[in-house]
Each structure stands twice: as structure tokens, then as C-alpha cells.
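Colleague: JSON, C-alpha atoms, saved as model_26.json, coming up:
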[["chain", "number", "residue", "atom", "x", "y", "z"],
["A", 1, "MET", "CA", 85.33, -80.09, 74.42],
["A", 2, "PRO", "CA", 86.69, -77.83, 71.69],
["A", 3, "ARG", "CA", 86.42, -79.04, 68.12],
["A", 4, "ASN", "CA", 89.74, -79.82, 66.45],
["A", 5, "VAL", "CA", 90.23, -77.84, 63.23],
["A", 6, "ALA", "CA", 93.03, -79.19, 61.02],
["A", 7, "VAL", "CA", 94.23, -76.71, 58.40],
["A", 8, "PHE", "CA", 96.17, -78.49, 55.67],
["A", 9, "LEU", "CA", 99.22, -76.71, 54.23],
["A", 10, "PHE", "CA", 101.41, -77.35, 51.20],
["A", 11, "ASP", "CA", 104.03, -75.52, 49.18],
["A", 12, "ASP", "CA", 102.57, -72.56, 47.25],
["A", 13, "VAL", "CA", 99.38, -72.53, 49.32],
["A", 14, "GLU", "CA", 97.61, -69.16, 49.06],
["A", 15, "VAL", "CA", 98.25, -67.34, 52.35],
["A", 16, "LEU", "CA", 94.80, -65.86, 52.88],
["A", 17, "ASP", "CA", 93.17, -69.17, 51.92],
["A", 18, "PHE", "CA", 94.45, -70.71, 55.14],
["A", 19, "ALA", "CA", 95.26, -67.69, 57.32],
["A", 20, "GLY", "CA", 91.79, -66.16, 57.02],
["A", 21, "PRO", "CA", 89.92, -69.26, 58.25],
["A", 22, "TYR", "CA", 92.68, -69.93, 60.80],
["A", 23, "GLU", "CA", 92.04, -66.50, 62.30],
["A", 24, "VAL", "CA", 88.25, -66.86, 62.25],
["A", 25, "PHE", "CA", 88.21, -70.17, 64.10],
["A", 26, "SER", "CA", 91.02, -69.16, 66.47],
["A", 27, "VAL", "CA", 89.35, -65.99, 67.80],
["A", 28, "THR", "CA", 85.78, -67.30, 67.89],
["A", 29, "GLY", "CA", 84.37, -67.37, 71.40],
["A", 30, "LEU", "CA", 87.14, -65.38, 73.07],
["A", 31, "ARG", "CA", 84.60, -63.30, 74.97],
["A", 32, "THR", "CA", 81.71, -65.78, 74.95],
["A", 33, "PHE", "CA", 83.01, -69.11, 76.23],
["A", 34, "GLU", "CA", 85.14, -70.10, 79.20],
["A", 35, "GLU", "CA", 87.00, -72.47, 76.87],
["A", 36, "LYS", "CA", 87.63, -71.67, 73.21],
["A", 37, "PRO", "CA", 85.27, -73.73, 71.05],
["A", 38, "PHE", "CA", 87.89, -74.50, 68.40],
["A", 39, "HIS", "CA", 91.40, -75.92, 68.69],
["A", 40, "VAL", "CA", 93.07, -74.90, 65.43],
["A", 41, "TYR", "CA", 96.29, -76.40, 64.14],
["A", 42, "THR", "CA", 98.18, -76.77, 60.87],
["A", 43, "VAL", "CA", 99.24, -80.03, 59.26],
["A", 44, "ALA", "CA", 101.38, -80.77, 56.21],
["A", 45, "GLU", "CA", 103.18, -83.56, 54.43],
["A", 46, "LYS", "CA", 106.54, -81.92, 55.14],
["A", 47, "SER", "CA", 108.08, -79.12, 57.16],
["A", 48, "PRO", "CA", 108.60, -76.27, 56.60],
["A", 49, "VAL", "CA", 106.02, -75.20, 54.02],
["A", 50, "ILE", "CA", 106.82, -72.36, 51.65],
["A", 51, "ALA", "CA", 103.53, -70.58, 50.97],
["A", 52, "ARG", "CA", 102.84, -68.12, 48.16],
["A", 53, "ASN", "CA", 105.21, -65.17, 47.93],
["A", 54, "GLY", "CA", 107.83, -66.98, 50.01],
["A", 55, "LEU", "CA", 106.13, -67.07, 53.40],
["A", 56, "THR", "CA", 107.71, -69.87, 55.45],
["A", 57, "VAL", "CA", 105.34, -71.75, 57.76],
["A", 58, "VAL", "CA", 106.26, -74.49, 60.22],
["A", 59, "PRO", "CA", 103.22, -76.77, 60.53],
["A", 60, "ASP", "CA", 102.14, -77.99, 63.95],
["A", 61, "PHE", "CA", 101.89, -81.58, 62.77],
["A", 62, "LEU", "CA", 102.76, -83.84, 59.86],
["A", 63, "LEU", "CA", 100.18, -86.08, 58.21],
["A", 64, "GLY", "CA", 101.22, -89.12, 60.23],
["A", 65, "ASP", "CA", 100.90, -87.52, 63.67],
["A", 66, "CYS", "CA", 97.95, -85.18, 63.23],
["A", 67, "PRO", "CA", 95.32, -85.33, 65.99],
["A", 68, "PRO", "CA", 91.94, -86.51, 64.66],
["A", 69, "PRO", "CA", 90.15, -83.42, 63.33],
["A", 70, "ASP", "CA", 86.48, -82.60, 63.73],
["A", 71, "LEU", "CA", 86.82, -80.08, 60.93],
["A", 72, "VAL", "CA", 89.40, -80.42, 58.16],
["A", 73, "LEU", "CA", 90.08, -77.43, 55.91],
["A", 74, "ILE", "CA", 91.77, -77.74, 52.52],
["A", 75, "PRO", "CA", 92.93, -74.39, 51.10],
["A", 76, "GLY", "CA", 94.00, -73.66, 47.54],
["A", 77, "GLY", "CA", 96.61, -71.71, 45.66],
["A", 78, "GLY", "CA", 98.81, -72.65, 42.76],
["A", 79, "GLY", "CA", 98.60, -73.34, 39.07],
["A", 80, "TYR", "CA", 101.01, -74.16, 36.28],
["A", 81, "THR", "CA", 104.37, -72.74, 35.25],
["A", 82, "PRO", "CA", 104.84, -71.50, 31.67],
["A", 83, "GLU", "CA", 106.39, -74.91, 31.00],
["A", 84, "GLY", "CA", 103.22, -76.62, 32.17],
["A", 85, "VAL", "CA", 104.56, -77.88, 35.52],
["A", 86, "ALA", "CA", 101.88, -78.06, 38.21],
["A", 87, "PHE", "CA", 102.45, -76.39, 41.56],
["A", 88, "GLY", "CA", 100.42, -75.78, 44.69],
["A", 89, "SER", "CA", 96.94, -77.30, 44.71],
["A", 90, "ARG", "CA", 97.31, -78.39, 41.07],
["A", 91, "ARG", "CA", 100.19, -80.62, 42.18],
["A", 92, "GLU", "CA", 98.56, -81.79, 45.41],
["A", 93, "MET", "CA", 95.35, -82.79, 43.62],
["A", 94, "ASN", "CA", 97.40, -85.61, 42.07],
["A", 95, "ASN", "CA", 99.46, -86.44, 45.15],
["A", 96, "PRO", "CA", 98.34, -89.93, 46.27],
["A", 97, "VAL", "CA", 99.63, -89.42, 49.82],
["A", 98, "VAL", "CA", 97.59, -86.26, 50.24],
["A", 99, "LEU", "CA", 94.48, -87.69, 48.59],
["A", 100, "GLU", "CA", 94.55, -90.74, 50.86],
["A", 101, "TRP", "CA", 94.97, -88.55, 53.96],
["A", 102, "VAL", "CA", 92.09, -86.31, 52.89],
["A", 103, "LYS", "CA", 89.83, -89.32, 52.32],
["A", 104, "GLN", "CA", 90.75, -90.78, 55.70],
["A", 105, "GLN", "CA", 89.99, -87.52, 57.51],
["A", 106, "ALA", "CA", 86.74, -87.04, 55.61],
["A", 107, "GLY", "CA", 85.61, -90.45, 56.80],
["A", 108, "GLN", "CA", 85.74, -89.39, 60.43],
["A", 109, "ALA", "CA", 85.42, -85.58, 60.46],
["A", 110, "GLU", "CA", 82.23, -83.69, 61.25],
["A", 111, "LEU", "CA", 82.85, -81.22, 58.41],
["A", 112, "VAL", "CA", 85.14, -81.07, 55.39],
["A", 113, "LEU", "CA", 85.83, -77.54, 54.17],
["A", 114, "SER", "CA", 87.67, -76.21, 51.14],
["A", 115, "VAL", "CA", 88.76, -72.76, 50.05],
["A", 116, "CYS", "CA", 89.45, -71.76, 46.45],
["A", 117, "THR", "CA", 91.20, -74.52, 44.46],
["A", 118, "GLY", "CA", 91.24, -76.75, 47.48],
["A", 119, "ALA", "CA", 88.05, -77.99, 45.84],
["A", 120, "LEU", "CA", 90.18, -79.68, 43.17],
["A", 121, "ILE", "CA", 91.85, -81.77, 45.87],
["A", 122, "LEU", "CA", 88.47, -82.78, 47.29],
["A", 123, "GLY", "CA", 87.23, -83.57, 43.81],
["A", 124, "ASN", "CA", 90.16, -85.83, 42.96],
["A", 125, "ALA", "CA", 89.76, -87.52, 46.34],
["A", 126, "GLY", "CA", 86.26, -88.50, 45.22],
["A", 127, "LEU", "CA", 84.51, -86.44, 47.88],
["A", 128, "LEU", "CA", 82.40, -84.24, 45.60],
["A", 129, "GLU", "CA", 80.50, -86.84, 43.57],
["A", 130, "GLY", "CA", 76.88, -85.76, 43.31],
["A", 131, "LEU", "CA", 77.47, -82.62, 45.36],
["A", 132, "LYS", "CA", 77.32, -78.89, 44.73],
["A", 133, "ALA", "CA", 80.71, -77.22, 44.61],
["A", 134, "THR", "CA", 82.43, -73.94, 43.91],
["A", 135, "THR", "CA", 85.99, -72.69, 43.65],
["A", 136, "HIS", "CA", 88.00, -69.75, 42.36],
["A", 137, "PHE", "CA", 86.34, -68.30, 39.27],
["A", 138, "LYS", "CA", 89.38, -69.16, 37.17],
["A", 139, "ALA", "CA", 89.23, -72.82, 38.21],
["A", 140, "LEU", "CA", 85.55, -73.56, 37.61],
["A", 141, "ASP", "CA", 86.24, -75.43, 34.36],
["A", 142, "ALA", "CA", 89.00, -77.45, 36.01],
["A", 143, "LEU", "CA", 86.54, -78.50, 38.71],
["A", 144, "ARG", "CA", 83.93, -79.44, 36.10],
["A", 145, "ALA", "CA", 86.52, -81.57, 34.31],
["A", 146, "ILE", "CA", 87.03, -83.79, 37.36],
["A", 147, "SER", "CA", 83.58, -85.35, 37.22],
["A", 148, "PRO", "CA", 80.30, -84.71, 35.41],
["A", 149, "THR", "CA", 78.42, -85.49, 38.62],
["A", 150, "ILE", "CA", 79.82, -82.42, 40.42],
["A", 151, "GLU", "CA", 77.33, -79.54, 40.22],
["A", 152, "VAL", "CA", 79.69, -76.58, 39.85],
["A", 153, "ILE", "CA", 78.14, -73.27, 40.90],
["A", 154, "ALA", "CA", 79.61, -69.90, 39.94],
["A", 155, "GLY", "CA", 78.94, -66.50, 41.48],
["A", 156, "VAL", "CA", 78.51, -67.63, 45.08],
["A", 157, "ARG", "CA", 80.74, -67.17, 48.12],
["A", 158, "TYR", "CA", 80.19, -70.71, 49.44],
["A", 159, "VAL", "CA", 77.98, -73.78, 49.10],
["A", 160, "ASP", "CA", 76.82, -76.10, 51.87],
["A", 161, "ASN", "CA", 76.22, -79.81, 51.23],
["A", 162, "GLY", "CA", 75.78, -80.63, 54.90],
["A", 163, "SER", "CA", 79.08, -82.23, 55.81],
["A", 164, "VAL", "CA", 81.04, -80.77, 52.88],
["A", 165, "ILE", "CA", 81.21, -77.00, 52.51],
["A", 166, "LEU", "CA", 83.21, -75.22, 49.82],
["A", 167, "SER", "CA", 84.03, -71.57, 49.20],
["A", 168, "ALA", "CA", 85.05, -69.56, 46.17],
["A", 169, "GLY", "CA", 88.46, -67.93, 45.93],
["A", 170, "VAL", "CA", 90.77, -66.53, 48.57],
["A", 171, "SER", "CA", 88.74, -64.03, 50.67],
["A", 172, "ALA", "CA", 85.58, -66.13, 50.30],
["A", 173, "GLY", "CA", 87.12, -68.60, 52.74],
["A", 174, "ILE", "CA", 86.64, -66.05, 55.51],
["A", 175, "ASP", "CA", 82.93, -65.76, 54.76],
["A", 176, "MET", "CA", 82.62, -69.54, 54.68],
["A", 177, "SER", "CA", 84.36, -69.79, 58.03],
["A", 178, "TYR", "CA", 81.96, -67.35, 59.69],
["A", 179, "TYR", "CA", 79.11, -69.30, 58.12],
["A", 180, "VAL", "CA", 80.48, -72.52, 59.62],
["A", 181, "VAL", "CA", 80.77, -70.86, 63.05],
["A", 182, "SER", "CA", 77.14, -69.76, 62.69],
["A", 183, "LYS", "CA", 76.10, -73.26, 61.62],
["A", 184, "LEU", "CA", 77.78, -74.89, 64.62],
["A", 185, "LEU", "CA", 77.45, -72.27, 67.37],
["A", 186, "GLY", "CA", 74.80, -69.80, 66.23],
["A", 187, "LYS", "CA", 74.81, -66.53, 64.33],
["A", 188, "GLU", "CA", 75.32, -64.43, 67.47],
["A", 189, "VAL", "CA", 78.65, -66.13, 68.10],
["A", 190, "ALA", "CA", 79.68, -65.65, 64.45],
["A", 191, "ASP", "CA", 78.63, -62.00, 64.55],
["A", 192, "GLU", "CA", 80.64, -61.40, 67.73],
["A", 193, "ALA", "CA", 83.74, -62.98, 66.16],
["A", 194, "ALA", "CA", 83.30, -60.86, 63.03],
["A", 195, "ARG", "CA", 82.95, -57.67, 65.10],
["A", 196, "TYR", "CA", 86.16, -58.54, 66.94],
["A", 197, "ALA", "CA", 87.93, -58.78, 63.58],
["A", 198, "GLN", "CA", 86.11, -55.67, 62.27],
["A", 199, "TYR", "CA", 84.94, -57.80, 59.37],
["A", 200, "ASP", "CA", 81.85, -56.06, 58.08],
["A", 201, "TYR", "CA", 81.03, -58.27, 55.09],
["A", 202, "TRP", "CA", 79.59, -61.05, 57.22],
["A", 203, "VAL", "CA", 77.90, -58.82, 59.83]]
Since I need it in another form, could you write the structure as C-alpha cells?

Modeller:
Amino acid sequence: MPRNVAVFLFDDVEVLDFAGPYEVFSVTGLRTFEEKPFHVYTVAEKSPVIARNGLTVVPDFLLGDCPPPDLVLIPGGGGYTPEGVAFGSRREMNNPVVLEWVKQQAGQAELVLSVCTGALILGNAGLLEGLKATTHFKALDALRAISPTIEVIAGVRYVDNGSVILSAGVSAGIDMSYYVVSKLLGKEVADEAARYAQYDYWV
């Protein structure tokens, strides 16, 4: 059976944060397996979602009707306006509805993944206590401020805690996704998917 991959979306989400991993998991195994190994779908609190730079995305599911994911991916994107108003992941990291959903999914998912400042959402959901973590280089201090027990690591593309894997900013989510494919299905499968996408960094 294919693994369900739920990609969480929210207003002001960074496009490559979610679209890069979405592409990686969606095309994996196209030439290797009779049935695709991943069933990828998007989920959000509302519809439509207005991503960074005005991209409108209609999620496949809302939080209340999302199929149970085997992998749940939390992207990042966002910050603060000049007036100090939080948007994107900086808003969602304090959204009790989102935090509760993330905790529920983490309790049953095989893997929890984050890209960029999606780590702040995982941190505020209490999922990074005692773990290694990374995020966008401009958000490292914000991640440290969440809890002194989080071991924040700079200068890496991703960190693997077993069931919780986090990547640095934006494009690093693609590398993390190929790493996850390799972890679950083997490096040959990840390499084949990367060649299909002509993505030379991983290969």
C-alpha cells in the first residue's frame, strides 16, 4: 500500500517549501514500482490558501477530513510585518487548532517532517523536546527561544531524529525529501527519482 503523505498548507506558506517535497514524493517510483509508493495530498485549515507571492492553492482536504497520514510535512514561510503582526508560520505556530492537529497526526504518523520555519510549529506543538532540530538560518534563534531542550544545529541541510526529521530553509526541503525516500525505500530509488527531476545536488 502506498504511504499517505499529508502536506500542510497555510496562508503565506513558502511555495518551494511545500512544492519541492510534493514533487519529490509524487514522482518517486514512477519507473520502479507498479504502484506509486506515496500518495501525496495537501491539507489546510481553510480553502483556498494564498501562498507567498499570491499563489492560490486549493487544498485537497481540510483538517477535519484529512485521511490519516503516514508522513506529515509541515512547511514554513512567513515572518512579521513592520507593525509586528505575525504571518505565515509565525502566526500558525500560535494557532491552537493547527497545533492540536499537528500533535494528533504526530501521534499516529510514521514520520513527521518539517521544512524551514515549519520547525517553529513543531516546536510549539511540543514535538521537539530533547531532539536535534534545524530551520532557516534566519530563524535559528527563534527556534532556540521555544525551549532550551531543543538542540538547534546550524549549517546542515537536515537532521534526522528517527521519527522526526527537519530541514533548513526552502530548497533544503528537497534534499530532506530525497533523504526520506532513501531512508524508506533505499538510495537507488531516491537516486532514480532525483535523476528524473535532473536534481544533481542529491545524486

Colleague: Residues of region 114-139 of chain A that approach region 11-25 of chain A to 10 Å or less, counting all atoms listed in the file: could you list each one with the shortest pair of atoms and its distance in Å to one decimal, rows by chain and increasing residue number, as a Markdown table?

Modeller:
| residue | atom | partner | partner_atom | distance |
| --- | --- | --- | --- | --- |
| A:Ser114 | CA | A:Asp17 | CA | 9.0 |
| A:Val115 | CA | A:Asp17 | CA | 6.0 |
| A:Cys116 | CA | A:Asp17 | CA | 7.1 |
| A:Thr117 | CA | A:Asp17 | CA | 9.4 |
| A:Gly118 | CA | A:Asp17 | CA | 9.0 |

Colleague: Work out how far apart CA of Lys103 (chain A) and CA of Ser177 (chain A) are and give it in Å to one decimal.

Modeller: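 Straight-line distance from CA of Lys103 (chain A) to CA of Ser177 (chain A) works out to 21.1 Å.
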
Colleague: Could you check the closest approach to Ser182 (chain A) for each of A:Trp202, A:Phe33, A:Leu113, A:Ala6 and tell me which residue wins, using all atoms listed in the file?

Modeller: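 Looking only at the distances to Ser182 (chain A), the closest residue turns out to be A:Trp202.
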
Colleague: From the list A:Gly84, A:Ala109, A:Thr135, A:Gly186, which residue is nearest Leu166 (chain A) when using all atoms listed in the file?

Modeller: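 For Leu166 (chain A), the nearest of the given residues is A:Thr135.
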
Colleague: Padding 5 Å on each side, edges along x, y and z: where is the centre of the box around the listed atoms of region 80-86 of chain A, and how long are its edges in Å to one decimal? Output it as lines of an AutoDock Vina configuration file.

Modeller:
center_x = 103.7
center_y = -74.8
center_z = 34.6
size_x = 15.4
size_y = 16.6
size_z = 17.2

Colleague: If we count all atoms listed in the file, what is near Val49 (chain A) at a cut-off of 12 Å, once residues fewer than 4 positions away on the same chain are taken out, given as JSON, numbers by chain?

Modeller: {"A": [8, 9, 10, 11, 12, 13, 14, 15, 42, 43, 44, 45, 53, 54, 55, 56, 57, 58, 59, 60, 61, 62, 88]}

Colleague: Given all atoms listed in the file as the basis, pick out the residue of A:Gly162, A:Gly123, A:Gly107, A:Gly173 nearest to Ser89 (chain A).

Modeller: A:Gly123

Colleague: Nearest to Asp70 (chain A): which of A:Leu184, A:Leu128, A:Val152, A:Ala142 is it, counting all atoms listed in the file?

Modeller: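 Of A:Leu184, A:Leu128, A:Val152, A:Ala142, the one nearest Asp70 (chain A), counting all atoms listed in the file, is A:Leu184.
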
Colleague: Could you check which of A:Gly79, A:Tyr179, A:Lys36, A:Tyr201 is closest to Asp160 (chain A), using all atoms listed in the file?

Modeller: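 For Asp160 (chain A), the nearest of the given residues is A:Tyr179.
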
Colleague: Please list as a list in words every residue within 10 Å of Tyr196 (chain A), counting only C-alpha atoms and excluding residues in the same chain fewer than 2 positions away.

Modeller: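 In the requested format, the answer is Val24, Val27, Thr28, Leu30, Arg31, Ala190, Asp191, Glu192, Ala193, Ala194, Gln198 and Tyr199 of chain A.
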
Colleague: Can region 2-28 of chain A be brought up to N, CA and C atoms and written out as a short mmCIF file (atom, residue, chain, number, x, y, z; two decimals), keeping the file's coordinate frame?

Modeller:
data_model
loop_
_atom_site.label_atom_id
_atom_site.label_comp_id
_atom_site.auth_asym_id
_atom_site.auth_seq_id
_atom_site.Cartn_x
_atom_site.Cartn_y
_atom_site.Cartn_z
N PRO A 2 86.54 -78.58 72.94
CA PRO A 2 86.69 -77.83 71.69
C PRO A 2 86.77 -78.76 70.49
N ARG A 3 86.29 -78.29 69.35
CA ARG A 3 86.42 -79.04 68.12
C ARG A 3 87.81 -78.83 67.54
N ASN A 4 88.45 -79.91 67.13
CA ASN A 4 89.74 -79.82 66.45
C ASN A 4 89.53 -79.36 65.01
N VAL A 5 90.28 -78.34 64.60
CA VAL A 5 90.23 -77.84 63.23
C VAL A 5 91.62 -78.01 62.62
N ALA A 6 91.75 -78.94 61.69
CA ALA A 6 93.03 -79.19 61.02
C ALA A 6 93.06 -78.39 59.72
N VAL A 7 94.05 -77.52 59.60
CA VAL A 7 94.23 -76.71 58.40
C VAL A 7 95.42 -77.29 57.63
N PHE A 8 95.13 -77.85 56.48
CA PHE A 8 96.17 -78.49 55.67
C PHE A 8 96.99 -77.44 54.92
N LEU A 9 98.30 -77.63 54.92
CA LEU A 9 99.22 -76.71 54.23
C LEU A 9 100.07 -77.48 53.23
N PHE A 10 100.53 -76.76 52.21
CA PHE A 10 101.41 -77.35 51.20
C PHE A 10 102.18 -76.22 50.54
N ASP A 11 103.26 -76.54 49.87
CA ASP A 11 104.03 -75.52 49.18
C ASP A 11 103.17 -74.78 48.16
N ASP A 12 103.32 -73.46 48.15
CA ASP A 12 102.57 -72.56 47.25
C ASP A 12 101.11 -72.40 47.63
N VAL A 13 100.74 -72.78 48.85
CA VAL A 13 99.38 -72.53 49.32
C VAL A 13 99.15 -71.02 49.37
N GLU A 14 97.97 -70.58 48.99
CA GLU A 14 97.61 -69.16 49.06
C GLU A 14 97.47 -68.76 50.53
N VAL A 15 98.17 -67.70 50.93
CA VAL A 15 98.25 -67.34 52.35
C VAL A 15 96.88 -67.05 52.94
N LEU A 16 96.09 -66.21 52.30
CA LEU A 16 94.80 -65.86 52.88
C LEU A 16 93.83 -67.04 52.86
N ASP A 17 94.02 -67.97 51.95
CA ASP A 17 93.17 -69.17 51.92
C ASP A 17 93.19 -69.90 53.26
N PHE A 18 94.37 -69.99 53.86
CA PHE A 18 94.45 -70.71 55.14
C PHE A 18 94.48 -69.76 56.34
N ALA A 19 95.12 -68.59 56.19
CA ALA A 19 95.26 -67.69 57.32
C ALA A 19 93.94 -67.03 57.71
N GLY A 20 93.09 -66.74 56.70
CA GLY A 20 91.79 -66.16 57.02
C GLY A 20 90.94 -67.09 57.87
N PRO A 21 90.67 -68.32 57.41
CA PRO A 21 89.92 -69.26 58.25
C PRO A 21 90.62 -69.57 59.57
N TYR A 22 91.94 -69.67 59.55
CA TYR A 22 92.68 -69.93 60.80
C TYR A 22 92.34 -68.86 61.83
N GLU A 23 92.34 -67.61 61.40
CA GLU A 23 92.04 -66.50 62.30
C GLU A 23 90.60 -66.57 62.79
N VAL A 24 89.67 -66.82 61.88
CA VAL A 24 88.25 -66.86 62.25
C VAL A 24 88.01 -67.90 63.35
N PHE A 25 88.46 -69.12 63.12
CA PHE A 25 88.21 -70.17 64.10
C PHE A 25 88.99 -69.96 65.39
N SER A 26 90.17 -69.35 65.29
CA SER A 26 91.02 -69.16 66.47
C SER A 26 90.44 -68.13 67.44
N VAL A 27 89.83 -67.06 66.92
CA VAL A 27 89.35 -65.99 67.80
C VAL A 27 87.89 -66.16 68.18
N THR A 28 87.20 -67.10 67.55
CA THR A 28 85.78 -67.30 67.89
C THR A 28 85.63 -67.70 69.36
#
